[in-house]
Amino acid sequence: MKKIEATIRPGKLDEVKEALNKSGINGLTVMQVIGHGKQKGHTQVYRGQEYSVYLLPKVKIEVVVRDELVEVVTGIIADAARTGQIGDGKIFVSTVEDVVRIRTGERGETAL
Amino acid sequence: MKKIEATIRPGKLDEVKEALNKSGINGLTVMQVIGHGKQKGHTQVYRGQEYSVYLLPKVKIEVVVRDELVEVVTGIIADAARTGQIGDGKIFVSTVEDVVRIRTGERGETAL
Amino acid sequence: MKKIEATIRPGKLDEVKEALNKSGINGLTVMQVIGHGKQKGHTQVYRGQEYSVYLLPKVKIEVVVRDELVEVVTGIIADAARTGQIGDGKIFVSTVEDVVRIRTGERGETAL
Amino acid sequence: MMHKRWSWLLALIILFSFPVTAFASDGSAVDSGDTGFVILSAALVLLMTPGLALFYGGMVRKKNVLSTLMHSWSIMGIVSIQWILFGFSLAFGADHWNIIGSLDWLGLSGVGQNPDPNYAATIPALVFMAFQLMFAIITAALISGSIAERMRFSAFLLFVIFWTTLVYDPLAHWVWGTGGFLRNLGALDFAGGTVVHISSGFSGLIAALILGKRKGHGSEPMLPHHVPMTVLGAGLLWFGWFGFNAGSALGANGLAGVAFVTTNTSAAAGALAWLLVEWLHRKQPTILGAASGAVAGLVAITPAAGFVTPLASIVIGLIGGSLSYGAVSILKQKLGYDDALDAFGCHGVGGTWGALATGIFATKSVNPAGADGLLYGNPAQLGIQASAVLVTIVFSVLATFIILKGINLVIKLRASEEEEDLGLDLTMHGEEAYRGLIGNASTAPSVFKAEHLAINPALVGNHTNI
Amino acid sequence: MMHKRWSWLLALIILFSFPVTAFASDGSAVDSGDTGFVILSAALVLLMTPGLALFYGGMVRKKNVLSTLMHSWSIMGIVSIQWILFGFSLAFGADHWNIIGSLDWLGLSGVGQNPDPNYAATIPALVFMAFQLMFAIITAALISGSIAERMRFSAFLLFVIFWTTLVYDPLAHWVWGTGGFLRNLGALDFAGGTVVHISSGFSGLIAALILGKRKGHGSEPMLPHHVPMTVLGAGLLWFGWFGFNAGSALGANGLAGVAFVTTNTSAAAGALAWLLVEWLHRKQPTILGAASGAVAGLVAITPAAGFVTPLASIVIGLIGGSLSYGAVSILKQKLGYDDALDAFGCHGVGGTWGALATGIFATKSVNPAGADGLLYGNPAQLGIQASAVLVTIVFSVLATFIILKGINLVIKLRASEEEEDLGLDLTMHGEEAYRGLIGNASTAPSVFKAEHLAINPALVGNHTNI
Amino acid sequence: MMHKRWSWLLALIILFSFPVTAFASDGSAVDSGDTGFVILSAALVLLMTPGLALFYGGMVRKKNVLSTLMHSWSIMGIVSIQWILFGFSLAFGADHWNIIGSLDWLGLSGVGQNPDPNYAATIPALVFMAFQLMFAIITAALISGSIAERMRFSAFLLFVIFWTTLVYDPLAHWVWGTGGFLRNLGALDFAGGTVVHISSGFSGLIAALILGKRKGHGSEPMLPHHVPMTVLGAGLLWFGWFGFNAGSALGANGLAGVAFVTTNTSAAAGALAWLLVEWLHRKQPTILGAASGAVAGLVAITPAAGFVTPLASIVIGLIGGSLSYGAVSILKQKLGYDDALDAFGCHGVGGTWGALATGIFATKSVNPAGADGLLYGNPAQLGIQASAVLVTIVFSVLATFIILKGINLVIKLRASEEEEDLGLDLTMHGEEAYRGLIGNASTAPSVFKAEHLAINPALVGNHTNI
Ligand SMILES: Nc1ncnc2c1ncn2[C@@H]1O[C@H](COP(=O)(O)OP(=O)(O)O)[C@@H](O)[C@H]1O
Ligand SMILES: Nc1ncnc2c1ncn2[C@@H]1O[C@H](COP(=O)(O)OP(=O)(O)O)[C@@H](O)[C@H]1O
Ligand SMILES: Nc1ncnc2c1ncn2[C@@H]1O[C@H](COP(=O)(O)OP(=O)(O)O)[C@@H](O)[C@H]1O
């Protein structure tokens, strides 16, 4: 099994989730992160002092899928999350060796 | 070494942590996530409009352990986190190649 | 490619990020976590009752880099994050098999 | 449909058949200074209830903050209407058997713009009524601290209606109504030590015992999710309490000035006492302690505010804050009841102390219409106060017990374990308090709803089960 | 430099050439009770605007809370100055053609410490002026609920200046100014049903339509980011509304007492009505509903507060709460406009109902200076009320339309899509509302700024584009 | 034990041996309108301190918000008692050498329900005392903005006691006490420009310099963790300031009306000025700027409120807002001191400007009991004002320096580096402000405590080291 981790724009979470749902991918975990890549930050002002923000809010999605789904799922995510502007984010793929469904104790791919 | 990532019900964190502690597993990292699996969401109402929540609050626990502990630790977590209802969560196991203890610079299993 | 995950003290994020920036490492993702290791917690008081906090606030940094950079980057992070006191945190290294830059669709190391 | 329309019409006709004669003022005895002061005092007391909502709301866990706010807010709705329809009449209407008011003033019939010299000779009767209403509201709201995080909302609403009618209204009559038997006895209660604080505190204790402990109580920590919210609430309480106590002089005069000063002083002394005791006992002075101690001091001075000197109010506040600390920190743990937000520890204990302290420190040099207390050579007053305390405790405890057991015959009082786990905000009210960046995206408009319902109607069904 | 200094001096000389004679009081007719009451009522009404800021601020998404607070706060700044310079004179100065006040009172010239018996015979004219100012502030602020989360800040500021001058000031004159044509007609509006609520509600609706829907409206959920903040705001509104309505008696008397009671009662009834209807309709009674219903009840009673009995105020509140629920829950979804925070649903609908209800329930037995309504044998009053409502709606809608279209000729009204995505807090004001543990570390002092600017000036440039 | 009981008894006897004669009112000269107004004004001023707590609390980092709230709250406790015991007597008691009040009124002996015509002829002396108390509270609280996020709590408490007694009480006597030398000089200070704002602002500056910069100041950003909390605080301050300034007329009259209007106007002008200057300087108008500017405007008008025309208050507010912006944005960075929350920038600078502005804009046409200023042909008044400013600055700076250095001889003023890192909430008070879903689970009841203590007593030990 593979773990697909995608760091995307917060505003794109909805579309990505819809796109995954439509393709029958239901299991996913989401967390709030901040990140820095090529995208540049904003200027903020507090009592007349300027600050620049270099870590911008992003959302990270984790989906664990069977090996054969990796290409499809990364494609779906990338398509749904793309705006074409710097800051769209990255997808990382890595190997997961085992899965346990806590409720039933099932192991391996059937537990996904 | 293996990394064990468990996404569980927030209310179970306490029990899981206690169970791990009792077995001598002390190092763990916890983060707040939201997730979707087989569990269905709730209905919420705002000014007379209904909304359904499909990403539910979960807690993710990460524990990195020596290879031989994987079975034990996943077992402990699964047992402590189980309610038997849909939404109990999943455990994923993957390989970690190296560890550094920042304080001392130690590497590998002794650094855990 | 390797994923470097470092769980550090919140107050050290700034220094770590600066150190990475200076070495030309720009891409990173940061999230807020709580954790337990060897470090002991604090006592808190609410209406005359005492509680001890055993999960302390930490910050987790994820950086994905080309294989050859692993040693350099873990070194930079460890040096910048070190105070020498218990609670400095840990760095975990694991393998990432593929990367997609969402904006362009590029794959592999060039997408980093 | 036809039927409905007719019943509306009927209701309207009934409404307006109430005599309105003498409703408008002839302005005779109304003093503009006193009237403006009591009107604005009533506004300040009203503000205490949203303030209490925040005071309590900050102390519960994140998943129950809205249900906690809802307790106070629903009471603002219910008691405001109850009081106008019949509550005021029961409490302050012409006396029957020294026990209850008549129903003459149903729907405020006869309560108009002219003063009622039985209660306040220089302000419109309506203003006196409004001022007293605010006390009825906050008293019921205080109880909600004891049953927070576990009571079903519909049971709570029923409880409020019955409690206000069967406990608060009679008690207010006994202590403040012309002819009330505790008033006749000579019991002093300037602004509600017995009527407001003892009654709510002891009723809360019984309610907490009947409901049982929150799930996980004792093993899991249940800590405040938002301390600054609690501190804000305490600030609004302190502010509003000036209306509560100084306004109880029912005129803008020297007595109001005394009550203002004793109130502020006791609040300050209560806060300091809590901080000091906590510092000695737990090595840490906390802001939650400062806020709690101020409230304890305010509670303690309430019955005494217009009867004692400012210096006495220092003592009253210091002891009040210390006793409440003891109740909350030691007694509660020892006895093991789950008075979630310490309505008993702060109001029951503080109110009892205040009522007795009035019997100790009261002096006619401050208020010639009052009485002298123990320290001024009249130990009998302390006995009278003790009797009033006892009567109030026994009555509140018994009545609350009966009301809750009665409601329990009809509907369940307590949320299910699953509801407690998920939190009452979600399960009783279908709301979440806070929503961050991704929180918003986690929700879909109702268009998606049908399918979800189709799959798991049971869970959704649960939510209607309030 | 030289030049600047001179223009300052010039400005100062102009300022102080205003006649100050008769500014100080001879104390003749001033009643201290009435004066203190109205001064403090004005303070309470001022507090409503920061309260409204929180009420609205809690309901927007996290990324727009500061811009929402800014709406109310910038209005507190602008309208306070406008009113003193010329707004008060336009609204309450000597009448011209029954339509507008004169400019005699520019810069408050002639508005001093003595009463102006045309408006209030027992309080200083300055106090009357200050009390009325607070109404002008909150009215403009109410509109901001409709255009939240998408209007450019500079366009908003222009809108406020024009709207207050061209809509509020004339309307206030028509209804309350001596000689105003709606006042001459006999229209009753105790505390601003038409002037405040109908005008702001309908203007908001038009503004929402002209601006268009928020990006993602209908597909993405846009839920409150901080419900307790909204509940706190509602609490401050309820509190401040006592100043608004009771203070409108302009004296501390029986009438103020009536207005106080009807206000509280209608708020309570509105909250209960919303809860009940919601419970029946959606199976869940929510705290956001309780707060919204209370506000709806307060809006509905505003024009009637000093003309109706407490019992009538129950009916007014119940219907007001139900109608606002219907508008917000059903009408809005059906018609599909994006009145973001329901300024129209609460104030437009509630205000219209209240103005008509005044024509139904008013009775001279409460206020001899008022009139009898439909239920007291005078159906004509309902007709007069309806006319006033109609005039207000037509005028507000047209004038708001023209003002916004006019501003649009000069600058863009609407934030760009990117600005909406990032949120107005960051793009209009360069601020973030909340900052956690790592949030602080994510920012660098301005020393790092230069390099960033060098790399991407375009993005930073955007921020100045307000 | 025996011993303890006896000392209690002794204390009680001493307490009640104070003469209480003439404590009750004969009601002679008390005006109900004035009394109600000043009582409620005092309540409004009290509310400013919890408001200030939020204003400051929102601006610090998350880990220090409770310690910041604690500053204001502990002052509410301490100063309320100090004032009653001896502070009021020192400030307003019979004059000694034009420098300090007598100790005649220790424990409020002799301060009763009758007016003291030396200060206010129509309100009970107790009410005047209470009103003045609220000023003493907020003044000390203002200073806490300068030393936020790094001062040890026990050192702070000592500082408050000494500062209020040795700086505030004398200053209040000089400016407001009968016989005070600045009052004799003819210095005008309507509501506390020198006594409250200059004294706190300059004392804060010195305290900030003595304590040194926060760890990381200049390299790490230290941004507000909760801007809406600050905005809420500013709203409560604006509201309460009406009590502060209008209440300082000590009666509900035309002068109170003037002070109300100038206060509101200057607040508005200050907010607008800050927004405009910021917009020009930094391209972004911020809500923190609007709130800060309003406070700056309120500070600036404070000494002038009852002496100048509404139009003059526009100028005073505009300049006040601009000067404070300059101080905070440019001066502070240039000079490099760490006045954490800008007590100096807002109160020191704004108060100085306001005191001088009073000498420029004051006119007897507004207040015959005042004086004419520069623009009304009396340049001498400006000189008098400048002298009063100078005296206040020199005295505050020196006295604060000596007090802090003195305390430093006994205990450490400054938190340790580790304490600053972890935050003062945790290390001084053992509390955390916010607790989310998993935050709660991260804590264990004290049953687990022992083992932790066993392992690392050092760390826990630290916490008691306040
Ligand atoms: N090497 C990396 N390791 C971890 N996270 C990364 C890395 N590069 C980018 N990210 C994450 O992806 C986000 C978007 O990256 P960015 O470079 O701005 O976008 P783009 O891919 O369009 O150039 C960052 O904010 C960061 O969270
Ligand atoms: N394939 C997956 N990838 C990532 N996270 C998942 C996946 N499946 C489930 N999860 C996580 O586990 C949580 C519980 O899953 P769910 O399917 O509801 O429980 P159950 O295992 O009892 O069927 C989800 O909310 C989600 O966070
Ligand atoms: N085995 C582990 N698995 C996951 N996270 C760990 C593990 N060990 C430590 N951590 C993380 O590292 C943080 C610091 O660890 P700690 O043991 O306190 O420091 P040190 O390395 O100095 O002994 C912990 O709070 C936790 O978040």
# chains A, B, ... in the order shown; residues from 1 in each chain; ligands from 1

$ residues_near_ligand --ligand "ligand 2" --cutoff "6 Å" --atoms "only C-alpha atoms and all ligand atoms" --output "PDB file with N, CA and C atoms, in the first residue's frame"
ATOM      1  N   GLY A  27     -11.593   7.043   2.344  1.00  0.00           N
ATOM      2  CA  GLY A  27     -10.787   7.213   3.540  1.00  0.00           C
ATOM      3  C   GLY A  27      -9.742   8.300   3.352  1.00  0.00           C
ATOM      4  N   LEU A  28      -9.781   9.290   4.202  1.00  0.00           N
ATOM      5  CA  LEU A  28      -8.707  10.292   4.148  1.00  0.00           C
ATOM      6  C   LEU A  28      -8.615  11.018   5.482  1.00  0.00           C
ATOM      7  N   THR A  29      -7.420  11.554   5.736  1.00  0.00           N
ATOM      8  CA  THR A  29      -7.171  12.286   6.970  1.00  0.00           C
ATOM      9  C   THR A  29      -6.588  13.635   6.586  1.00  0.00           C
ATOM     10  N   GLU A  62      -3.860  13.177   3.838  1.00  0.00           N
ATOM     11  CA  GLU A  62      -3.207  11.873   3.748  1.00  0.00           C
ATOM     12  C   GLU A  62      -4.218  10.819   3.318  1.00  0.00           C
ATOM     13  N   VAL A  63      -3.874  10.094   2.251  1.00  0.00           N
ATOM     14  CA  VAL A  63      -4.733   9.004   1.780  1.00  0.00           C
ATOM     15  C   VAL A  63      -3.865   7.769   1.617  1.00  0.00           C
ATOM     16  N   VAL A  64      -4.254   6.696   2.236  1.00  0.00           N
ATOM     17  CA  VAL A  64      -3.537   5.437   2.030  1.00  0.00           C
ATOM     18  C   VAL A  64      -4.364   4.568   1.083  1.00  0.00           C
ATOM     19  N   VAL A  65      -3.724   4.111   0.004  1.00  0.00           N
ATOM     20  CA  VAL A  65      -4.457   3.350  -1.019  1.00  0.00           C
ATOM     21  C   VAL A  65      -3.667   2.123  -1.452  1.00  0.00           C
ATOM     22  N   ARG A 101      -7.381  -2.127  10.821  1.00  0.00           N
ATOM     23  CA  ARG A 101      -8.640  -1.444  11.093  1.00  0.00           C
ATOM     24  C   ARG A 101      -8.952  -1.694  12.564  1.00  0.00           C
ATOM     25  N   ILE A 102      -8.931  -0.650  13.298  1.00  0.00           N
ATOM     26  CA  ILE A 102      -9.016  -0.805  14.753  1.00  0.00           C
ATOM     27  C   ILE A 102     -10.300  -1.512  15.174  1.00  0.00           C
ATOM     28  N   ARG A 103     -11.394  -1.126  14.567  1.00  0.00           N
ATOM     29  CA  ARG A 103     -12.701  -1.654  14.952  1.00  0.00           C
ATOM     30  C   ARG A 103     -12.750  -3.172  14.908  1.00  0.00           C
ATOM     31  N   LEU A 112      -8.296  -1.370   4.461  1.00  0.00           N
ATOM     32  CA  LEU A 112      -8.338   0.034   4.002  1.00  0.00           C
ATOM     33  C   LEU A 112      -9.768   0.540   3.903  1.00  0.00           C
TER      34      LEU A 112
ATOM     35  N   THR B   7      -4.820   6.712  13.702  1.00  0.00           N
ATOM     36  CA  THR B   7      -5.837   7.759  13.736  1.00  0.00           C
ATOM     37  C   THR B   7      -7.000   7.226  14.552  1.00  0.00           C
ATOM     38  N   ILE B  34      -8.706  15.918  11.099  1.00  0.00           N
ATOM     39  CA  ILE B  34     -10.093  15.551  10.821  1.00  0.00           C
ATOM     40  C   ILE B  34     -10.063  14.502   9.725  1.00  0.00           C
ATOM     41  N   GLY B  35     -11.023  13.623   9.735  1.00  0.00           N
ATOM     42  CA  GLY B  35     -10.926  12.540   8.775  1.00  0.00           C
ATOM     43  C   GLY B  35     -12.270  11.998   8.343  1.00  0.00           C
ATOM     44  N   HIS B  36     -12.219  11.208   7.310  1.00  0.00           N
ATOM     45  CA  HIS B  36     -13.416  10.592   6.762  1.00  0.00           C
ATOM     46  C   HIS B  36     -13.101   9.155   6.394  1.00  0.00           C
ATOM     47  N   GLY B  37     -13.959   8.280   6.776  1.00  0.00           N
ATOM     48  CA  GLY B  37     -13.778   6.893   6.387  1.00  0.00           C
ATOM     49  C   GLY B  37     -15.147   6.312   6.110  1.00  0.00           C
ATOM     50  N   LYS B  38     -15.506   5.301   6.835  1.00  0.00           N
ATOM     51  CA  LYS B  38     -16.842   4.736   6.674  1.00  0.00           C
ATOM     52  C   LYS B  38     -17.855   5.479   7.538  1.00  0.00           C
ATOM     53  N   GLN B  39     -17.344   6.172   8.579  1.00  0.00           N
ATOM     54  CA  GLN B  39     -18.225   6.837   9.522  1.00  0.00           C
ATOM     55  C   GLN B  39     -18.939   8.021   8.876  1.00  0.00           C
ATOM     56  N   ILE B  86     -18.351   1.996  14.082  1.00  0.00           N
ATOM     57  CA  ILE B  86     -17.703   2.614  12.929  1.00  0.00           C
ATOM     58  C   ILE B  86     -17.067   3.927  13.348  1.00  0.00           C
ATOM     59  N   GLY B  87     -15.847   4.166  12.865  1.00  0.00           N
ATOM     60  CA  GLY B  87     -15.160   5.407  13.221  1.00  0.00           C
ATOM     61  C   GLY B  87     -14.021   5.195  14.198  1.00  0.00           C
ATOM     62  N   ASP B  88     -13.740   3.934  14.512  1.00  0.00           N
ATOM     63  CA  ASP B  88     -12.668   3.663  15.473  1.00  0.00           C
ATOM     64  C   ASP B  88     -11.291   4.036  14.937  1.00  0.00           C
ATOM     65  N   GLY B  89     -11.146   4.023  13.614  1.00  0.00           N
ATOM     66  CA  GLY B  89      -9.901   4.496  13.035  1.00  0.00           C
ATOM     67  C   GLY B  89      -8.997   3.407  12.510  1.00  0.00           C
ATOM     68  N   LYS B  90      -7.818   3.836  12.063  1.00  0.00           N
ATOM     69  CA  LYS B  90      -6.888   2.943  11.392  1.00  0.00           C
ATOM     70  C   LYS B  90      -5.495   3.121  11.961  1.00  0.00           C
TER      71      LYS B  90
END

$ closest_atom_pairs --of "chain B" --to "chain E" --cutoff "9 Å" --atoms "only C-alpha atoms" --output "CSV"
residue,atom,partner,partner_atom,distance
B:Gln44,CA,E:Gln284,CA,8.4
B:Val45,CA,E:Gln284,CA,7.3
B:Tyr46,CA,E:Leu288,CA,7.0
B:Arg47,CA,E:Gly289,CA,6.1
B:Gly48,CA,E:Ser329,CA,4.5
B:Gln49,CA,E:Ser329,CA,6.0
B:Glu50,CA,E:Arg282,CA,7.6
B:Tyr51,CA,E:Pro221,CA,7.8

$ write_last_selection --atoms "all heavy atoms" --output "compact mmCIF listing (two decimals), in the first residue's frame"
# COMPACT_ATOMS: atom_id res chain seq x y z
N GLN B 44 -25.67 19.80 11.11
CA GLN B 44 -25.61 21.01 11.89
C GLN B 44 -26.56 22.05 11.30
O GLN B 44 -26.91 21.98 10.12
CB GLN B 44 -24.19 21.57 11.91
CG GLN B 44 -23.21 20.59 12.54
CD GLN B 44 -21.88 21.24 12.87
OE1 GLN B 44 -21.69 22.43 12.70
NE2 GLN B 44 -20.94 20.44 13.37
N VAL B 45 -26.99 22.97 12.13
CA VAL B 45 -27.96 23.97 11.69
C VAL B 45 -27.42 25.36 11.99
O VAL B 45 -26.99 25.63 13.10
CB VAL B 45 -29.31 23.78 12.43
CG1 VAL B 45 -30.32 24.81 11.98
CG2 VAL B 45 -29.84 22.38 12.20
N TYR B 46 -27.41 26.22 10.98
CA TYR B 46 -27.03 27.61 11.18
C TYR B 46 -28.07 28.52 10.57
O TYR B 46 -28.26 28.50 9.36
CB TYR B 46 -25.65 27.90 10.59
CG TYR B 46 -24.58 27.17 11.35
CD1 TYR B 46 -24.14 25.93 10.94
CD2 TYR B 46 -24.07 27.71 12.52
CE1 TYR B 46 -23.18 25.23 11.66
CE2 TYR B 46 -23.12 27.02 13.26
CZ TYR B 46 -22.69 25.79 12.83
OH TYR B 46 -21.75 25.10 13.55
N ARG B 47 -28.74 29.30 11.40
CA ARG B 47 -29.80 30.18 10.95
C ARG B 47 -30.76 29.46 10.01
O ARG B 47 -31.03 29.89 8.90
CB ARG B 47 -29.22 31.42 10.30
CG ARG B 47 -28.62 32.34 11.37
CD ARG B 47 -28.66 33.76 10.94
NE ARG B 47 -28.59 34.66 12.10
CZ ARG B 47 -28.16 35.90 12.05
NH1 ARG B 47 -27.75 36.41 10.92
NH2 ARG B 47 -28.17 36.65 13.13
N GLY B 48 -31.20 28.32 10.47
CA GLY B 48 -32.24 27.60 9.75
C GLY B 48 -31.77 26.83 8.54
O GLY B 48 -32.57 26.19 7.87
N GLN B 49 -30.48 26.87 8.22
CA GLN B 49 -29.95 26.06 7.12
C GLN B 49 -29.27 24.83 7.69
O GLN B 49 -28.53 24.95 8.66
CB GLN B 49 -28.92 26.85 6.29
CG GLN B 49 -29.38 28.20 5.81
CD GLN B 49 -30.50 28.11 4.80
OE1 GLN B 49 -30.70 27.07 4.18
NE2 GLN B 49 -31.25 29.19 4.67
N GLU B 50 -29.46 23.69 7.03
CA GLU B 50 -28.79 22.49 7.51
C GLU B 50 -27.50 22.23 6.76
O GLU B 50 -27.40 22.46 5.56
CB GLU B 50 -29.70 21.27 7.33
CG GLU B 50 -30.72 21.16 8.43
CD GLU B 50 -31.39 19.79 8.43
OE1 GLU B 50 -31.02 18.92 7.63
OE2 GLU B 50 -32.31 19.62 9.25
N TYR B 51 -26.53 21.73 7.47
CA TYR B 51 -25.26 21.34 6.88
C TYR B 51 -24.89 19.98 7.41
O TYR B 51 -25.18 19.66 8.54
CB TYR B 51 -24.16 22.34 7.26
CG TYR B 51 -24.41 23.72 6.75
CD1 TYR B 51 -25.19 24.62 7.48
CD2 TYR B 51 -23.91 24.12 5.52
CE1 TYR B 51 -25.44 25.89 6.99
CE2 TYR B 51 -24.16 25.39 5.03
CZ TYR B 51 -24.93 26.27 5.76
OH TYR B 51 -25.18 27.51 5.27

$ interface_residues --of "chain C" --to "chain A" --cutoff "10 Å" --atoms "only C-alpha atoms" --output "PyMOL selection string"
chain C and resi 1-3+17+25-32+60-64+94-108+111-112

$ closest_residue --among "E:Gly93, E:Gly180, E:Gly350, E:Pro368" --to "chain D" --atoms "only C-alpha atoms"
E:Pro368

$ closest_residue --among "E:Phe344, E:Phe307, E:Phe239, E:Phe88" --to "chain D" --atoms "only C-alpha atoms"
E:Phe239

$ decode --residues "region 74-102 of chain C" --atoms "C-alpha atoms" --output "CSV table (one decimal), in the first residue's frame"
chain,number,residue,atom,x,y,z
C,74,THR,CA,19.5,16.6,9.6
C,75,GLY,CA,22.7,18.2,10.8
C,76,ILE,CA,21.5,21.7,10.3
C,77,ILE,CA,18.2,21.0,12.0
C,78,ALA,CA,19.8,19.2,14.9
C,79,ASP,CA,22.3,22.0,15.5
C,80,ALA,CA,19.7,24.8,15.3
C,81,ALA,CA,17.2,23.0,17.5
C,82,ARG,CA,19.6,21.9,20.2
C,83,THR,CA,19.5,23.4,23.7
C,84,GLY,CA,21.1,20.4,25.4
C,85,GLN,CA,18.1,20.0,27.8
C,86,ILE,CA,15.7,17.1,27.8
C,87,GLY,CA,12.9,17.8,25.4
C,88,ASP,CA,14.9,18.9,22.4
C,89,GLY,CA,13.1,16.3,20.3
C,90,LYS,CA,13.8,13.8,17.6
C,91,ILE,CA,14.5,13.6,13.9
C,92,PHE,CA,13.1,10.7,11.8
C,93,VAL,CA,14.3,9.9,8.3
C,94,SER,CA,12.3,7.8,5.8
C,95,THR,CA,12.0,7.2,2.1
C,96,VAL,CA,9.7,9.0,-0.3
C,97,GLU,CA,9.2,7.3,-3.6
C,98,ASP,CA,7.7,10.0,-5.7
C,99,VAL,CA,6.9,13.7,-5.7
C,100,VAL,CA,4.4,15.7,-7.8
C,101,ARG,CA,4.5,19.4,-8.1
C,102,ILE,CA,0.8,20.1,-8.3
